[in-house]
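start28.txt (compact mmCIF, N, CA and C atoms and all ligand atoms) appears below.
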# COMPACT_ATOMS: atom_id res chain seq x y z
N MET M 14 37.34 60.88 42.13
CA MET M 14 36.98 59.83 41.19
C MET M 14 37.79 58.56 41.45
N VAL M 15 37.14 57.46 41.27
CA VAL M 15 37.82 56.19 41.47
C VAL M 15 38.21 55.65 40.11
N ASP M 16 39.47 55.37 39.97
CA ASP M 16 39.95 54.81 38.72
C ASP M 16 40.25 53.34 38.93
N LYS M 17 39.27 52.55 38.64
CA LYS M 17 39.46 51.13 38.88
C LYS M 17 39.58 50.37 37.57
N LYS M 18 40.44 49.42 37.59
CA LYS M 18 40.63 48.60 36.40
C LYS M 18 39.58 47.51 36.35
N GLU M 19 39.22 47.21 35.16
CA GLU M 19 38.29 46.12 34.98
C GLU M 19 38.94 45.09 34.09
N LYS M 20 38.88 43.87 34.54
CA LYS M 20 39.44 42.82 33.70
C LYS M 20 38.50 41.63 33.65
N GLY M 21 38.38 41.12 32.47
CA GLY M 21 37.58 39.93 32.29
C GLY M 21 36.12 40.12 32.61
N LYS M 22 35.65 41.33 32.42
CA LYS M 22 34.26 41.58 32.71
C LYS M 22 33.39 41.20 31.53
N LYS M 23 32.51 40.26 31.75
CA LYS M 23 31.68 39.81 30.66
C LYS M 23 30.41 40.64 30.57
N ASN M 24 29.90 40.68 29.39
CA ASN M 24 28.76 41.55 29.10
C ASN M 24 27.48 40.73 28.96
N THR M 25 27.30 39.82 29.86
CA THR M 25 26.19 38.89 29.70
C THR M 25 24.89 39.46 30.22
N SER M 26 24.88 39.92 31.45
CA SER M 26 23.63 40.32 32.06
C SER M 26 23.68 41.76 32.52
N GLU M 27 23.36 42.65 31.63
CA GLU M 27 23.44 44.08 31.90
C GLU M 27 22.61 44.49 33.11
N ARG M 28 21.47 43.90 33.25
CA ARG M 28 20.54 44.41 34.24
C ARG M 28 20.95 44.07 35.67
N TRP M 29 21.89 43.20 35.84
CA TRP M 29 22.30 42.85 37.20
C TRP M 29 23.61 43.52 37.59
N LYS M 30 24.02 44.52 36.85
CA LYS M 30 25.26 45.21 37.19
C LYS M 30 25.02 46.49 37.97
N LYS M 31 23.85 46.60 38.53
CA LYS M 31 23.50 47.84 39.22
C LYS M 31 24.12 47.94 40.60
N TYR M 32 24.55 46.81 41.11
CA TYR M 32 25.09 46.83 42.45
C TYR M 32 26.54 46.37 42.46
N VAL M 33 27.31 47.06 43.24
CA VAL M 33 28.71 46.69 43.40
C VAL M 33 28.94 46.37 44.86
N ILE M 34 29.56 45.27 45.09
CA ILE M 34 29.81 44.88 46.48
C ILE M 34 31.21 45.32 46.88
N LYS M 35 31.27 46.17 47.89
CA LYS M 35 32.56 46.63 48.40
C LYS M 35 32.66 46.17 49.84
N GLY M 36 33.53 45.21 50.07
CA GLY M 36 33.64 44.67 51.42
C GLY M 36 32.32 44.04 51.81
N ASP M 37 31.71 44.56 52.86
CA ASP M 37 30.42 44.01 53.24
C ASP M 37 29.29 45.02 53.06
N THR M 38 29.55 46.01 52.22
CA THR M 38 28.47 46.93 51.90
C THR M 38 28.13 46.84 50.42
N ILE M 39 26.92 47.13 50.12
CA ILE M 39 26.50 47.11 48.71
C ILE M 39 26.25 48.54 48.26
N GLU M 40 26.87 48.88 47.18
CA GLU M 40 26.76 50.23 46.68
C GLU M 40 26.01 50.22 45.36
N ARG M 41 25.09 51.12 45.25
CA ARG M 41 24.36 51.17 43.99
C ARG M 41 25.11 52.05 43.02
N THR M 42 25.43 51.52 41.86
CA THR M 42 26.23 52.26 40.90
C THR M 42 25.37 52.93 39.85
N ALA M 43 24.17 52.45 39.70
CA ALA M 43 23.34 52.99 38.65
C ALA M 43 22.54 54.20 39.14
N LYS M 44 22.23 55.05 38.22
CA LYS M 44 21.40 56.20 38.54
C LYS M 44 19.98 55.96 38.04
N PHE M 45 19.06 56.62 38.69
CA PHE M 45 17.70 56.56 38.18
C PHE M 45 17.55 57.48 36.98
N CYS M 46 16.63 57.12 36.12
CA CYS M 46 16.34 57.96 34.97
C CYS M 46 15.58 59.21 35.42
N PRO M 47 16.07 60.40 35.05
CA PRO M 47 15.39 61.63 35.44
C PRO M 47 14.04 61.82 34.75
N ARG M 48 13.84 61.15 33.68
CA ARG M 48 12.55 61.26 33.00
C ARG M 48 11.54 60.26 33.54
N CYS M 49 11.99 59.02 33.68
CA CYS M 49 11.07 57.97 34.13
C CYS M 49 10.91 57.99 35.64
N GLY M 50 11.88 58.54 36.34
CA GLY M 50 11.78 58.64 37.78
C GLY M 50 12.38 57.46 38.50
N ALA M 51 12.21 57.46 39.81
CA ALA M 51 12.79 56.41 40.64
C ALA M 51 12.25 55.05 40.26
N GLY M 52 13.13 54.10 40.21
CA GLY M 52 12.72 52.74 39.87
C GLY M 52 13.23 52.33 38.51
N ILE M 53 13.48 53.32 37.65
CA ILE M 53 14.02 53.01 36.33
C ILE M 53 15.50 53.38 36.33
N PHE M 54 16.32 52.38 36.21
CA PHE M 54 17.76 52.61 36.24
C PHE M 54 18.28 52.98 34.86
N LEU M 55 19.38 53.72 34.88
CA LEU M 55 20.10 53.97 33.65
C LEU M 55 21.18 52.91 33.50
N ALA M 56 21.27 52.33 32.34
CA ALA M 56 22.30 51.34 32.07
C ALA M 56 23.58 52.04 31.68
N GLU M 57 24.69 51.52 32.15
CA GLU M 57 25.97 52.14 31.83
C GLU M 57 26.51 51.56 30.53
N SER M 58 27.12 52.42 29.73
CA SER M 58 27.68 51.94 28.48
C SER M 58 29.01 51.25 28.74
N LYS M 59 29.53 50.61 27.73
CA LYS M 59 30.75 49.81 27.90
C LYS M 59 31.92 50.62 28.40
N ASN M 60 32.14 51.77 27.80
CA ASN M 60 33.29 52.56 28.23
C ASN M 60 32.93 53.58 29.30
N LYS M 61 31.76 53.46 29.84
CA LYS M 61 31.34 54.22 31.00
C LYS M 61 31.36 55.74 30.78
N ASP M 62 31.17 56.15 29.56
CA ASP M 62 31.14 57.59 29.33
C ASP M 62 29.71 58.12 29.23
N ARG M 63 28.77 57.23 29.33
CA ARG M 63 27.39 57.68 29.30
C ARG M 63 26.49 56.63 29.94
N ARG M 64 25.32 57.09 30.33
CA ARG M 64 24.33 56.16 30.85
C ARG M 64 23.08 56.28 30.01
N TYR M 65 22.36 55.21 29.97
CA TYR M 65 21.30 55.12 28.98
C TYR M 65 20.05 54.49 29.60
N CYS M 66 18.91 55.09 29.33
CA CYS M 66 17.66 54.52 29.79
C CYS M 66 17.03 53.70 28.68
N GLY M 67 16.79 52.45 28.98
CA GLY M 67 16.21 51.55 27.99
C GLY M 67 14.73 51.81 27.75
N LYS M 68 14.13 52.59 28.62
CA LYS M 68 12.70 52.81 28.52
C LYS M 68 12.37 54.02 27.65
N CYS M 69 12.98 55.17 27.99
CA CYS M 69 12.66 56.39 27.25
C CYS M 69 13.82 56.84 26.35
N HIS M 70 14.92 56.08 26.37
CA HIS M 70 16.09 56.36 25.55
C HIS M 70 16.83 57.62 25.96
N TYR M 71 16.63 58.04 27.20
CA TYR M 71 17.39 59.14 27.73
C TYR M 71 18.85 58.75 27.84
N THR M 72 19.76 59.64 27.46
CA THR M 72 21.19 59.36 27.57
C THR M 72 21.84 60.43 28.44
N ASP M 73 22.59 59.98 29.42
CA ASP M 73 23.25 60.88 30.34
C ASP M 73 24.76 60.74 30.15
N PHE M 74 25.40 61.81 29.71
CA PHE M 74 26.83 61.77 29.51
C PHE M 74 27.55 62.06 30.82
N THR M 75 28.46 61.19 31.15
CA THR M 75 29.14 61.34 32.43
C THR M 75 30.50 61.99 32.29
N ARG M 76 30.91 62.30 31.08
CA ARG M 76 32.18 62.99 30.89
C ARG M 76 31.96 64.23 30.07
ZN ZN I 101 13.84 56.86 31.11
In structure tokens, what does this structure look like?
Ligand SMILES: [Zn+2]
Amino acid sequence: MVDKKEKGKKNTSERWKKYVIKGDTIERTAKFCPRCGAGIFLAESKNKDRRYCGKCHYTDFTR
């Protein structure tokens, strides 16, 4: 597990937080919704203990 600190992260545009840039590679941080299938991302909650689908309201607990 990676324990990274977050500072000054604003909560403005949830839908564009699906990608994290590490060096010169782009890593997808979001998971697809198991109900809606590929293409529908799960949004991560603020404290990152769960992921949430805005379409079908599926919630995935990550802890
Ligand atoms: Zn869904």
- prompt: When the cut-off is 6 Å and you count only N, CA and C atoms and all ligand atoms, which residues lie near ligand ZN 101 (chain I), shown as a list of chain:residue names?
  reply: M:Cys46, M:Pro47, M:Arg48, M:Cys49, M:Gly50, M:Cys66, M:Gly67, M:Lys68, M:Cys69, M:His70, M:Tyr71
Coordinates-based distance that separates atom C of Gly36 (chain M) from atom C of Asp73 (chain M) (Å, one decimal) =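 Spanning atom C of Asp73 (chain M) to atom C of Gly36 (chain M) is a straight-line distance of 28.4 Å.
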*asked:* List as a count of residues only the protein and nucleic acid residues near Thr75 (chain M), meaning an atom at most 6 Å away when only N, CA and C atoms are counted, but skip any in the same chain fewer than 6 places from it.
replied: 3
The distance between CA of Ser58 (chain M) and CA of Phe74 (chain M) is 9.9 Å
